[in-house]
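Q: Got a file for you: upload.txt, compact mmCIF, C-alpha atoms and all ligand atoms.
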```
# COMPACT_ATOMS: atom_id res chain seq x y z
CA MET A 22 0.00 0.00 0.00
CA ALA A 23 1.55 3.28 -1.09
CA LYS A 24 1.02 6.31 1.11
CA ILE A 25 0.26 9.70 -0.43
CA ALA A 26 0.39 12.93 1.53
CA ILE A 27 -2.35 15.27 0.32
CA LEU A 28 -1.52 18.93 0.98
CA PRO A 29 -4.27 21.14 -0.50
CA GLY A 30 -3.02 24.53 0.76
CA ASP A 31 -4.62 27.87 -0.03
CA GLY A 32 -6.79 29.67 -2.57
CA ILE A 33 -7.97 27.28 -5.27
CA GLY A 34 -5.69 24.54 -3.82
CA PRO A 35 -8.42 22.65 -1.92
CA GLU A 36 -10.85 22.74 -4.89
CA ILE A 37 -8.43 21.41 -7.47
CA VAL A 38 -6.85 18.83 -5.17
CA ALA A 39 -10.32 17.48 -4.32
CA GLU A 40 -10.83 16.74 -8.03
CA ALA A 41 -7.47 14.98 -8.34
CA VAL A 42 -8.27 12.88 -5.25
CA LYS A 43 -11.57 11.84 -6.84
CA VAL A 44 -9.67 10.78 -9.95
CA LEU A 45 -7.15 8.76 -7.90
CA LYS A 46 -9.98 7.03 -6.04
CA VAL A 47 -11.81 5.88 -9.16
CA LEU A 48 -8.63 4.14 -10.34
CA ASP A 49 -9.03 1.74 -7.43
CA LEU A 50 -5.31 1.37 -6.69
CA PRO A 51 -3.75 0.30 -3.38
CA LEU A 52 -3.26 3.88 -2.17
CA GLU A 53 -3.64 5.33 1.27
CA MET A 54 -4.17 9.10 1.35
CA GLU A 55 -3.63 11.34 4.34
CA THR A 56 -4.37 15.07 4.29
CA ALA A 57 -2.55 17.82 6.19
CA PRO A 58 -2.67 21.63 6.22
CA VAL A 59 0.04 23.66 4.52
CA GLY A 60 0.70 27.31 3.67
CA GLY A 61 -1.66 30.03 4.85
CA ALA A 62 -4.17 27.39 5.92
CA ALA A 63 -1.58 25.87 8.25
CA TYR A 64 -0.54 29.29 9.50
CA GLU A 65 -4.15 30.02 10.46
CA ALA A 66 -4.51 26.67 12.20
CA SER A 67 -1.18 26.44 14.00
CA GLY A 68 0.87 29.60 13.46
CA HIS A 69 3.33 28.08 10.97
CA PRO A 70 3.06 27.51 7.18
CA LEU A 71 4.88 24.17 7.37
CA PRO A 72 4.04 22.54 10.72
CA ASP A 73 6.23 19.65 11.88
CA ALA A 74 3.33 17.23 11.54
CA THR A 75 2.88 18.19 7.88
CA LEU A 76 6.59 17.90 7.14
CA ASP A 77 6.73 14.53 8.92
CA LEU A 78 3.77 13.27 6.91
CA ALA A 79 5.43 14.40 3.67
CA LYS A 80 8.68 12.68 4.68
CA SER A 81 6.97 9.42 5.58
CA ALA A 82 4.82 9.31 2.43
CA ASP A 83 5.82 7.69 -0.88
CA ALA A 84 4.68 10.81 -2.72
CA VAL A 85 3.13 14.19 -2.02
CA LEU A 86 0.22 15.72 -3.93
CA PHE A 87 0.33 19.46 -3.40
CA GLY A 88 -2.21 22.13 -4.34
CA ALA A 89 -0.96 25.70 -4.06
CA VAL A 90 -0.03 28.19 -1.37
CA GLY A 91 -0.17 31.94 -0.94
CA ASP A 92 -2.52 34.84 -0.53
CA TRP A 93 -1.91 38.57 -0.66
CA LYS A 94 -3.26 38.87 2.85
CA TYR A 95 -0.05 37.26 4.18
CA ASP A 96 2.30 39.67 2.37
CA LYS A 97 2.93 41.64 5.54
CA LEU A 98 4.00 38.64 7.64
CA ASP A 99 7.66 38.03 8.43
CA ARG A 100 9.13 35.98 5.59
CA PRO A 101 9.53 32.71 7.58
CA LEU A 102 5.79 32.76 8.28
CA ARG A 103 4.62 33.39 4.73
CA PRO A 104 2.81 30.58 2.89
CA GLU A 105 5.49 30.32 0.16
CA GLN A 106 7.95 29.14 2.80
CA ALA A 107 5.96 25.92 3.01
CA ILE A 108 6.69 24.84 -0.56
CA LEU A 109 10.27 26.10 -0.40
CA GLY A 110 10.76 24.22 2.88
CA LEU A 111 9.26 21.01 1.49
CA ARG A 112 11.53 21.18 -1.56
CA LYS A 113 14.58 21.76 0.60
CA HIS A 114 13.79 19.29 3.40
CA LEU A 115 12.82 16.53 1.00
CA GLY A 116 15.79 17.16 -1.30
CA LEU A 117 13.53 17.69 -4.33
CA PHE A 118 16.17 19.16 -6.60
CA ALA A 119 14.80 18.08 -9.97
CA ASN A 120 11.66 19.85 -11.15
CA PHE A 121 10.01 18.55 -14.32
CA ARG A 122 7.68 21.01 -16.00
CA PRO A 123 6.40 19.62 -19.27
CA ALA A 124 4.68 22.07 -21.62
CA ILE A 125 2.51 20.03 -23.93
CA CYS A 126 -0.04 21.64 -26.20
CA TYR A 127 -3.10 19.46 -26.53
CA GLU A 128 -4.29 19.52 -30.12
CA GLN A 129 -7.76 20.46 -28.87
CA LEU A 130 -6.36 23.62 -27.26
CA THR A 131 -4.14 25.05 -29.97
CA HIS A 132 -6.64 27.89 -30.33
CA ALA A 133 -6.51 28.75 -26.63
CA SER A 134 -2.82 29.63 -26.87
CA SER A 135 -1.83 33.26 -27.11
CA LEU A 136 0.44 32.28 -30.02
CA LYS A 137 -0.69 31.39 -33.53
CA PRO A 138 -1.89 27.76 -33.71
CA GLU A 139 0.86 26.74 -36.15
CA LEU A 140 3.53 27.83 -33.66
CA VAL A 141 2.20 25.64 -30.84
CA SER A 142 0.46 22.77 -32.59
CA GLY A 143 2.25 19.58 -31.50
CA LEU A 144 4.35 21.44 -28.94
CA ASP A 145 6.02 19.07 -26.46
CA ILE A 146 8.86 20.54 -24.45
CA LEU A 147 10.19 19.63 -21.04
CA ILE A 148 11.65 22.23 -18.73
CA ILE A 149 13.91 20.78 -16.07
CA ARG A 150 14.37 23.36 -13.37
CA GLU A 151 16.95 22.97 -10.59
CA LEU A 152 14.86 23.47 -7.47
CA THR A 153 16.93 23.60 -4.29
CA GLY A 154 19.78 25.99 -5.09
CA ASP A 155 20.50 29.29 -6.83
CA ILE A 156 19.47 32.71 -5.58
CA TYR A 157 16.39 31.16 -3.96
CA PHE A 158 18.48 29.57 -1.22
CA GLY A 159 21.93 31.22 -1.46
CA GLN A 160 23.42 32.77 1.68
CA PRO A 161 24.03 35.46 2.72
CA ARG A 162 20.81 37.26 2.14
CA GLY A 163 19.15 40.07 3.99
CA ARG A 164 18.79 43.77 4.49
CA ARG A 165 21.10 46.23 6.05
CA THR A 166 20.98 49.88 6.92
CA ALA A 167 22.98 52.68 5.39
CA VAL A 168 25.85 52.32 7.85
CA ASP A 169 27.64 49.44 6.13
CA GLY A 170 25.77 49.49 2.83
CA HIS A 171 27.55 49.38 -0.52
CA PHE A 172 25.77 52.45 -1.90
CA PRO A 173 26.90 55.30 0.32
CA GLY A 174 24.21 56.50 2.65
CA ALA A 175 21.50 54.08 1.46
CA ASP A 176 19.77 51.08 2.98
CA GLU A 177 20.03 47.96 0.86
CA ALA A 178 18.91 44.37 0.41
CA PHE A 179 20.84 41.47 -1.09
CA ASP A 180 20.51 37.82 -2.13
CA THR A 181 23.26 35.46 -3.20
CA MET A 182 23.25 33.50 -6.42
CA ARG A 183 25.36 30.36 -6.06
CA TYR A 184 25.69 26.83 -7.33
CA SER A 185 28.09 24.10 -6.29
CA ARG A 186 29.58 21.53 -8.67
CA PRO A 187 27.53 18.56 -7.35
CA GLU A 188 24.30 20.54 -7.59
CA ILE A 189 24.93 21.28 -11.26
CA GLU A 190 26.23 17.81 -12.06
CA ARG A 191 23.19 16.01 -10.69
CA ILE A 192 20.65 18.17 -12.50
CA ALA A 193 22.66 17.88 -15.73
CA HIS A 194 22.52 14.07 -15.44
CA VAL A 195 18.76 14.24 -14.90
CA ALA A 196 18.37 16.39 -18.02
CA PHE A 197 20.52 14.22 -20.28
CA GLN A 198 18.79 11.06 -19.08
CA ALA A 199 15.36 12.60 -19.65
CA ALA A 200 16.41 13.73 -23.14
CA ARG A 201 17.49 10.18 -23.97
CA LYS A 202 13.89 9.06 -23.51
CA ARG A 203 12.55 11.69 -25.92
CA GLY A 204 14.04 14.02 -28.57
CA LYS A 205 17.67 13.60 -27.44
CA ARG A 206 18.35 17.34 -27.35
CA VAL A 207 19.16 19.48 -24.32
CA THR A 208 19.31 23.26 -24.25
CA SER A 209 21.09 24.53 -21.17
CA VAL A 210 19.92 28.04 -20.32
CA ASP A 211 22.32 30.37 -18.55
CA LYS A 212 23.54 33.95 -18.29
CA ALA A 213 27.22 33.10 -18.69
CA ASN A 214 27.91 36.38 -20.45
CA VAL A 215 27.32 38.23 -17.18
CA LEU A 216 27.18 35.89 -14.18
CA GLU A 217 30.03 33.85 -12.74
CA THR A 218 27.53 31.35 -11.33
CA PHE A 219 26.22 30.64 -14.80
CA GLN A 220 29.61 30.46 -16.51
CA PHE A 221 30.34 27.72 -13.95
CA TRP A 222 26.94 26.16 -14.75
CA LYS A 223 27.72 26.14 -18.47
CA ASP A 224 31.20 24.65 -17.96
CA ILE A 225 29.90 21.82 -15.79
CA VAL A 226 26.93 20.98 -18.00
CA THR A 227 29.42 20.76 -20.88
CA GLU A 228 31.64 18.43 -18.84
CA VAL A 229 28.75 16.12 -17.91
CA HIS A 230 27.64 16.07 -21.55
CA ALA A 231 30.80 14.11 -22.42
CA GLN A 232 29.06 11.09 -20.84
CA TYR A 233 26.05 11.45 -23.18
CA PRO A 234 27.42 11.49 -26.73
CA ASP A 235 24.02 10.37 -28.05
CA VAL A 236 22.35 13.56 -26.78
CA ALA A 237 22.86 16.94 -28.48
CA LEU A 238 23.61 19.90 -26.22
CA ASP A 239 23.38 23.58 -26.95
CA HIS A 240 23.64 26.61 -24.69
CA MET A 241 21.41 29.65 -24.73
CA TYR A 242 21.35 32.86 -22.73
CA VAL A 243 18.18 33.23 -20.73
CA ASP A 244 17.05 36.42 -22.45
CA ASN A 245 17.35 34.75 -25.83
CA ALA A 246 15.60 31.64 -24.48
CA ALA A 247 12.65 33.79 -23.39
CA MET A 248 12.49 35.22 -26.89
CA GLN A 249 12.81 31.84 -28.61
CA LEU A 250 10.05 30.41 -26.42
CA VAL A 251 7.56 32.86 -27.85
CA LYS A 252 9.07 32.93 -31.35
CA ALA A 253 9.65 29.28 -32.18
CA PRO A 254 8.94 27.13 -29.12
CA LYS A 255 8.92 23.86 -31.04
CA LYS A 256 12.67 24.18 -31.57
CA PHE A 257 13.18 23.04 -27.96
CA ASP A 258 13.17 19.50 -26.63
CA VAL A 259 14.55 19.53 -23.05
CA ILE A 260 15.52 22.81 -21.41
CA VAL A 261 17.67 22.58 -18.27
CA THR A 262 18.25 25.64 -16.15
CA GLY A 263 18.66 27.06 -12.67
CA ASN A 264 16.00 27.73 -10.09
CA MET A 265 15.13 31.33 -10.91
CA PHE A 266 15.43 31.19 -14.69
CA GLY A 267 13.38 27.99 -14.59
CA ASP A 268 10.69 29.66 -12.53
CA ILE A 269 10.30 32.43 -15.09
CA LEU A 270 10.67 30.40 -18.28
CA SER A 271 8.25 27.73 -17.12
CA ASP A 272 5.47 30.29 -16.67
CA ALA A 273 6.09 31.57 -20.18
CA ALA A 274 6.16 28.02 -21.56
CA ALA A 275 2.96 27.17 -19.70
CA MET A 276 1.08 29.93 -21.43
CA LEU A 277 2.03 28.52 -24.83
CA THR A 278 -0.11 25.51 -24.07
CA GLY A 279 -3.24 27.62 -23.76
CA SER A 280 -3.39 28.05 -20.02
CA ILE A 281 -1.15 27.64 -17.03
CA GLY A 282 -4.14 25.74 -15.67
CA MET A 283 -3.06 22.79 -17.84
CA LEU A 284 0.52 22.43 -16.68
CA PRO A 285 1.49 19.72 -14.17
CA SER A 286 4.85 19.34 -12.48
CA ALA A 287 6.95 16.81 -10.63
CA SER A 288 9.71 17.62 -8.15
CA LEU A 289 11.92 14.63 -7.54
CA ASP A 290 14.68 13.64 -5.14
CA LYS A 291 17.56 11.35 -6.05
CA ASN A 292 15.41 8.26 -5.50
CA ASN A 293 12.43 9.50 -7.53
CA LYS A 294 10.39 10.18 -4.45
CA GLY A 295 8.45 13.24 -5.39
CA LEU A 296 6.11 16.10 -4.80
CA TYR A 297 3.53 16.75 -7.50
CA GLU A 298 1.84 20.07 -7.99
CA PRO A 299 0.25 22.17 -10.69
CA SER A 300 2.67 24.77 -12.03
CA HIS A 301 0.19 27.54 -11.31
CA GLY A 302 -0.37 29.34 -8.03
CA SER A 303 -3.22 29.66 -5.54
CA ALA A 304 -5.21 32.23 -7.59
CA PRO A 305 -6.96 33.81 -4.58
CA ASP A 306 -9.01 35.99 -6.96
CA ILE A 307 -11.01 32.97 -8.15
CA ALA A 308 -10.81 30.83 -5.01
CA GLY A 309 -14.09 29.37 -3.84
CA LYS A 310 -15.89 30.23 -7.07
CA GLY A 311 -15.69 26.73 -8.52
CA VAL A 312 -14.17 27.90 -11.80
CA ALA A 313 -10.51 26.90 -11.43
CA ASN A 314 -9.13 24.40 -13.92
CA PRO A 315 -8.34 21.15 -12.05
CA LEU A 316 -6.55 19.55 -15.01
CA ALA A 317 -3.01 20.61 -14.05
CA THR A 318 -3.49 18.93 -10.67
CA ILE A 319 -5.14 15.87 -12.18
CA LEU A 320 -2.25 15.59 -14.66
CA SER A 321 0.18 16.03 -11.74
CA ALA A 322 -1.46 13.01 -10.11
CA ALA A 323 -0.77 11.12 -13.35
CA MET A 324 2.90 12.12 -13.16
CA MET A 325 2.94 10.89 -9.56
CA LEU A 326 1.64 7.48 -10.60
CA ARG A 327 4.24 7.27 -13.34
CA PHE A 328 7.36 8.60 -11.58
CA SER A 329 6.96 7.66 -7.92
CA LEU A 330 4.38 4.89 -7.70
CA ASN A 331 5.28 2.71 -10.66
CA GLN A 332 1.75 2.73 -12.07
CA PRO A 333 2.33 3.85 -15.66
CA GLN A 334 -0.89 2.31 -16.94
CA ALA A 335 -2.97 4.19 -14.40
CA ALA A 336 -1.14 7.37 -15.46
CA ASP A 337 -2.02 6.62 -19.08
CA ARG A 338 -5.66 6.18 -18.13
CA ILE A 339 -5.77 9.62 -16.52
CA GLU A 340 -4.06 11.27 -19.47
CA SER A 341 -6.37 9.57 -21.99
CA ALA A 342 -9.37 10.64 -19.96
CA VAL A 343 -8.18 14.26 -19.96
CA GLY A 344 -7.75 14.02 -23.74
CA ALA A 345 -11.28 12.60 -24.01
CA VAL A 346 -12.95 15.38 -22.02
CA LEU A 347 -11.11 18.00 -24.05
CA SER A 348 -12.19 16.28 -27.25
CA ALA A 349 -15.75 16.29 -25.94
CA GLY A 350 -15.47 20.09 -25.80
CA LEU A 351 -15.50 20.64 -22.03
CA ARG A 352 -13.61 23.74 -20.95
CA THR A 353 -13.07 25.64 -17.72
CA PRO A 354 -13.13 29.43 -18.29
CA ASP A 355 -9.33 29.72 -18.66
CA ILE A 356 -9.36 27.50 -21.78
CA TRP A 357 -12.83 28.29 -23.06
CA SER A 358 -13.28 29.41 -26.65
CA GLU A 359 -16.28 29.92 -28.94
CA GLY A 360 -18.08 26.67 -29.69
CA THR A 361 -16.94 24.80 -26.57
CA GLN A 362 -18.85 24.07 -23.40
CA LYS A 363 -17.96 26.08 -20.31
CA VAL A 364 -17.82 23.97 -17.13
CA GLY A 365 -16.71 24.48 -13.54
CA THR A 366 -14.03 22.80 -11.47
CA ARG A 367 -16.23 20.00 -10.18
CA GLU A 368 -17.87 19.25 -13.52
CA MET A 369 -14.45 19.00 -15.13
CA GLY A 370 -13.28 16.59 -12.41
CA ASP A 371 -16.48 14.53 -12.73
CA ALA A 372 -16.01 14.34 -16.50
CA VAL A 373 -12.48 12.97 -16.07
CA VAL A 374 -13.75 10.44 -13.50
CA ASN A 375 -16.49 9.31 -15.88
CA ALA A 376 -14.08 9.04 -18.79
CA ILE A 377 -11.79 6.85 -16.68
CA ALA A 378 -14.66 4.69 -15.56
CA LYS A 379 -15.41 4.02 -19.25
CA THR A 380 -11.89 2.89 -20.11
CA THR A 381 -10.36 -0.42 -19.29
CA LYS A 382 -6.86 -0.85 -17.94
CA GLY A 383 -3.99 -0.38 -20.35
CA ILE A 384 -5.69 1.81 -22.93
CA THR A 385 -3.22 4.34 -24.27
CA LYS A 386 -3.57 8.01 -25.10
CA SER A 387 -6.52 8.92 -27.30
C1 LIG B 401 6.58 27.99 -8.48
C2 LIG B 401 6.18 29.14 -7.60
C3 LIG B 401 7.11 29.16 -6.38
C4 LIG B 401 8.51 29.38 -6.88
C5 LIG B 401 6.73 30.15 -5.27
C6 LIG B 401 5.31 29.99 -4.81
C7 LIG B 401 7.67 30.06 -4.10
O1 LIG B 401 6.21 30.34 -8.30
O2 LIG B 401 6.50 26.84 -8.03
O3 LIG B 401 6.97 28.22 -9.62
O4 LIG B 401 8.93 30.53 -7.10
O5 LIG B 401 9.22 28.39 -7.04
MN MN B 402 6.65 30.10 -10.43
```
As structure tokens, how would this structure be written, given the file I've shared?
A:
Amino acid sequence: MAKIAILPGDGIGPEIVAEAVKVLKVLDLPLEMETAPVGGAAYEASGHPLPDATLDLAKSADAVLFGAVGDWKYDKLDRPLRPEQAILGLRKHLGLFANFRPAICYEQLTHASSLKPELVSGLDILIIRELTGDIYFGQPRGRRTAVDGHFPGADEAFDTMRYSRPEIERIAHVAFQAARKRGKRVTSVDKANVLETFQFWKDIVTEVHAQYPDVALDHMYVDNAAMQLVKAPKKFDVIVTGNMFGDILSDAAAMLTGSIGMLPSASLDKNNKGLYEPSHGSAPDIAGKGVANPLATILSAAMMLRFSLNQPQAADRIESAVGAVLSAGLRTPDIWSEGTQKVGTREMGDAVVNAIAKTTKGITKS
């Protein structure tokens, strides 16, 4: 019996996670699910965004299904108490250094993309974002007053961008191995023309590449990568990059697929234990309205079955079912277009459940 920690979080988190849980249940697998509060919800309940009990549950589970955290109302709290610290803490404490963010454009949604259909039709790229290093976690960081500041007479704030050799090596291996299973091309995104950290990144990725002669490697500056993503996104296969560049590029890539509400993600440790979450945030503006798109979370549950729970056929069933409901014309407002049927969060989840119930085990993508 595999144990899954269910951490719904804030904003639309509980609504979308509820739909993914329904989908997992209909698959009738030997799964035990245990729910715990995280983010702002946990802060309200116990004064901390990542309570020990929640962290312990996540550590003891075989996989974590995570919703989203954050709300503007917590912006004034001290940083360690803000909801975002929960996801950052989980990533760090669980050693989840490898973040997979696939950007796949479903044929049915090519018209929902902000780019011309021919630019995104058939799009299938994989962003691999390093998740536990870089400027997100580098020390020292902080604020200081004018007295010892670097700009005479002014207060200042600072963060530290840094990467160590093993951190870059391990994510480079993940990227080359992932590329081997698909288009066999890796684009390493850096800012080596300006930053020492990313010259080091580029050198080490190049070194590791020597072990993968069957995979093509090219390097691209992050500004150019941002441009290429909106100019000719299909040129990419696997993109590997640092924590901050990956954060930014993956949002841009998500939008190519029609909506960030479609984009799942997996964050893995060295043993493929993982945390699975939609790439989007908590969207407090639409929370509680029943209109959020649950598909990114449902697709994250599919990734969980494939990567951490060794249930690839169950993952296929979820993905086929999502394809079937899209083909049937069901759309949450974020992906709605003329001629399709607008549905809410729960109806979308129910439709996926029904589509799964209709399939038999082992059916592949429709
Ligand atoms: C993401 C989010 C997080 C990040 C925030 C909520 C800390 O934007 O998962 O992309 O910046 O990593
Ligand atoms: Mn982000």
Q: Would you kindly return, as a short mmCIF file (atom, residue, chain, number, x, y, z; two decimals) with C-alpha atoms, keeping the file's coordinate frame, each protein, DNA or RNA residue with an atom no farther than 9 Å from any atom of region 228-242 of chain A, considering all atoms listed in the file and excluding same-chain residues fewer than 6 positions away?
A:
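Result written to selection13.cif:
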```
data_model
loop_
_atom_site.label_atom_id
_atom_site.label_comp_id
_atom_site.auth_asym_id
_atom_site.auth_seq_id
_atom_site.Cartn_x
_atom_site.Cartn_y
_atom_site.Cartn_z
CA GLU A 190 26.23 17.81 -12.06
CA ALA A 193 22.66 17.88 -15.73
CA HIS A 194 22.52 14.07 -15.44
CA PHE A 197 20.52 14.22 -20.28
CA GLN A 198 18.79 11.06 -19.08
CA ALA A 200 16.41 13.73 -23.14
CA ARG A 201 17.49 10.18 -23.97
CA GLY A 204 14.04 14.02 -28.57
CA LYS A 205 17.67 13.60 -27.44
CA ARG A 206 18.35 17.34 -27.35
CA VAL A 207 19.16 19.48 -24.32
CA THR A 208 19.31 23.26 -24.25
CA SER A 209 21.09 24.53 -21.17
CA VAL A 210 19.92 28.04 -20.32
CA ASP A 211 22.32 30.37 -18.55
CA LYS A 212 23.54 33.95 -18.29
CA ALA A 213 27.22 33.10 -18.69
CA ASN A 214 27.91 36.38 -20.45
#
```
Q: Between A:Asn375, A:Thr353, A:Asn314, A:Gln334, which residue has the minimum interatomic distance to Glu36 (chain A), considering only C-alpha atoms?
A: A:Asn314
Q: Name each residue within 12 Å of ligand MN 402 (chain B), counting only C-alpha atoms and all ligand atoms, as a ChimeraX atom specification.
A: /A:89-91,105,108-109,120,122,150,152,157,264-275,281,284,286,298-303
Q: List the spatial neighbours of region 287-296 of chain A as a list in words - criterion: any atom at most 9 Å away, all atoms listed in the file, same-chain residues fewer than 6 positions off excluded.
A: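 The residues satisfying every condition are Ala79, Ala82, Asp83, Ala84, Val85, Leu86, Phe87, Leu111, Arg112, Leu115, Gly116, Leu117, Phe118, Ala119, Asn120, Phe121, Arg122, Leu152, Arg191, Ser321, Met324, Met325, Phe328, Ser329 and Leu330 of chain A.
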Q: When you look at Leu102 (chain A) with a cut-off of 7 Å (counting all atoms listed in the file), what residues show up, excluding the ones that are within fewer than 3 positions of it in the same chain? I need them as a ChimeraX atom specification.
A: /A:69-70,98-99,106
Q: Counting only C-alpha atoms, I want the residues whose atoms come within 6 Å of (5.0, 15.3, 4.3) in the file frame, returned as a list in words.
A: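 Residues found, by chain and rising number: Ala26, Thr75, Leu76, Asp77, Leu78, Ala79 and Lys80 of chain A.
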Q: When you count all atoms listed in the file, which of these residues is closest to ligand LIG 401 (chain B): A:Ile156, A:Met369, A:Val261, A:Val38?
A: A:Ile156
Q: Given the choices A:Ala133, A:Ala349, A:Lys46, A:Met283, which gets closest to Thr318 (chain A) if the distance is worked out from only C-alpha atoms?
A: A:Met283
Q: Can you find the residues with an atom no farther than 10 Å from (-7.5, 15.2, -11.8), counting only C-alpha atoms, and report them as a ChimeraX atom specification?
A: /A:37-45,314-323,339-340,342-343,369-374
Q: Lys363 (chain A): which residues within 7 Å, counting all atoms listed in the file, same-chain residues fewer than 5 positions away excluded, as a PDB file with C-alpha atoms, in the coordinates of the input?
A:
```pdb
ATOM      1  CA  LEU A 351     -15.500  20.640 -22.030  1.00  0.00           C
ATOM      2  CA  ARG A 352     -13.610  23.740 -20.950  1.00  0.00           C
ATOM      3  CA  THR A 353     -13.070  25.640 -17.720  1.00  0.00           C
ATOM      4  CA  PRO A 354     -13.130  29.430 -18.290  1.00  0.00           C
ATOM      5  CA  TRP A 357     -12.830  28.290 -23.060  1.00  0.00           C
TER       6      TRP A 357
END
```
Q: Which residue, A:Phe158, A:Tyr127, A:Phe257, A:Tyr64, has the smallest gap to ligand LIG 401 (chain B) when you use all atoms listed in the file?
A: A:Phe158
Q: For ligand LIG 401 (chain B), take all atoms listed in the file, fit an axis-aligned box around them, add 3 Å to each of the six sides, then output centre and edge lengths in Å rounded to one decimal, as lines of an AutoDock Vina configuration file.
A:
```
center_x = 7.3
center_y = 28.7
center_z = -6.9
size_x = 9.9
size_y = 9.7
size_z = 11.5
```
Q: Record the distance separating CA of Asp355 (chain A) and CA of Gly279 (chain A), expressed in Å with one decimal.
A: 8.2 Å
Q: Using CA of Thr181 (chain A) and CA of Pro161 (chain A) as the two end points, give the distance in Å to one decimal.
A: 6.0 Å
Q: Can you work out which one of A:His171, A:Arg327, A:Arg162, A:Lys113 has the shortest atom-to-atom distance to ligand LIG 401 (chain B), counting all atoms listed in the file?
A: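 Distance minimum relative to ligand LIG 401 (chain B) lands on A:Lys113.
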Q: Regenerate region 363-378 of chain A at the level of N, CA and C atoms and dump it as a JSON list (two decimals), in the coordinates of the input.
A:
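The resulting file, out-v7.json, is shown below:
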```json
[["chain", "number", "residue", "atom", "x", "y", "z"],
["A", 363, "LYS", "N", -18.60, 25.59, -21.54],
["A", 363, "LYS", "CA", -17.96, 26.08, -20.31],
["A", 363, "LYS", "C", -18.43, 25.27, -19.11],
["A", 364, "VAL", "N", -17.47, 24.72, -18.34],
["A", 364, "VAL", "CA", -17.82, 23.97, -17.13],
["A", 364, "VAL", "C", -17.00, 24.47, -15.95],
["A", 365, "GLY", "N", -17.42, 24.09, -14.76],
["A", 365, "GLY", "CA", -16.71, 24.48, -13.54],
["A", 365, "GLY", "C", -15.72, 23.41, -13.11],
["A", 366, "THR", "N", -15.07, 23.69, -12.00],
["A", 366, "THR", "CA", -14.03, 22.80, -11.47],
["A", 366, "THR", "C", -14.56, 21.39, -11.25],
["A", 367, "ARG", "N", -15.71, 21.31, -10.56],
["A", 367, "ARG", "CA", -16.23, 20.00, -10.18],
["A", 367, "ARG", "C", -16.73, 19.23, -11.40],
["A", 368, "GLU", "N", -17.39, 19.95, -12.31],
["A", 368, "GLU", "CA", -17.87, 19.25, -13.52],
["A", 368, "GLU", "C", -16.70, 18.70, -14.33],
["A", 369, "MET", "N", -15.62, 19.47, -14.39],
["A", 369, "MET", "CA", -14.45, 19.00, -15.13],
["A", 369, "MET", "C", -13.90, 17.73, -14.47],
["A", 370, "GLY", "N", -13.77, 17.77, -13.13],
["A", 370, "GLY", "CA", -13.28, 16.59, -12.41],
["A", 370, "GLY", "C", -14.20, 15.39, -12.62],
["A", 371, "ASP", "N", -15.51, 15.62, -12.53],
["A", 371, "ASP", "CA", -16.48, 14.53, -12.73],
["A", 371, "ASP", "C", -16.34, 13.94, -14.14],
["A", 372, "ALA", "N", -16.13, 14.82, -15.11],
["A", 372, "ALA", "CA", -16.01, 14.34, -16.50],
["A", 372, "ALA", "C", -14.79, 13.44, -16.65],
["A", 373, "VAL", "N", -13.69, 13.81, -15.99],
["A", 373, "VAL", "CA", -12.48, 12.97, -16.07],
["A", 373, "VAL", "C", -12.75, 11.62, -15.38],
["A", 374, "VAL", "N", -13.40, 11.68, -14.22],
["A", 374, "VAL", "CA", -13.75, 10.44, -13.50],
["A", 374, "VAL", "C", -14.60, 9.54, -14.38],
["A", 375, "ASN", "N", -15.61, 10.12, -15.02],
["A", 375, "ASN", "CA", -16.49, 9.31, -15.88],
["A", 375, "ASN", "C", -15.74, 8.74, -17.07],
["A", 376, "ALA", "N", -14.85, 9.53, -17.64],
["A", 376, "ALA", "CA", -14.08, 9.04, -18.79],
["A", 376, "ALA", "C", -13.18, 7.89, -18.37],
["A", 377, "ILE", "N", -12.64, 7.96, -17.17],
["A", 377, "ILE", "CA", -11.79, 6.85, -16.68],
["A", 377, "ILE", "C", -12.64, 5.61, -16.45],
["A", 378, "ALA", "N", -13.79, 5.83, -15.86],
["A", 378, "ALA", "CA", -14.66, 4.69, -15.56],
["A", 378, "ALA", "C", -15.02, 3.94, -16.85]]
```
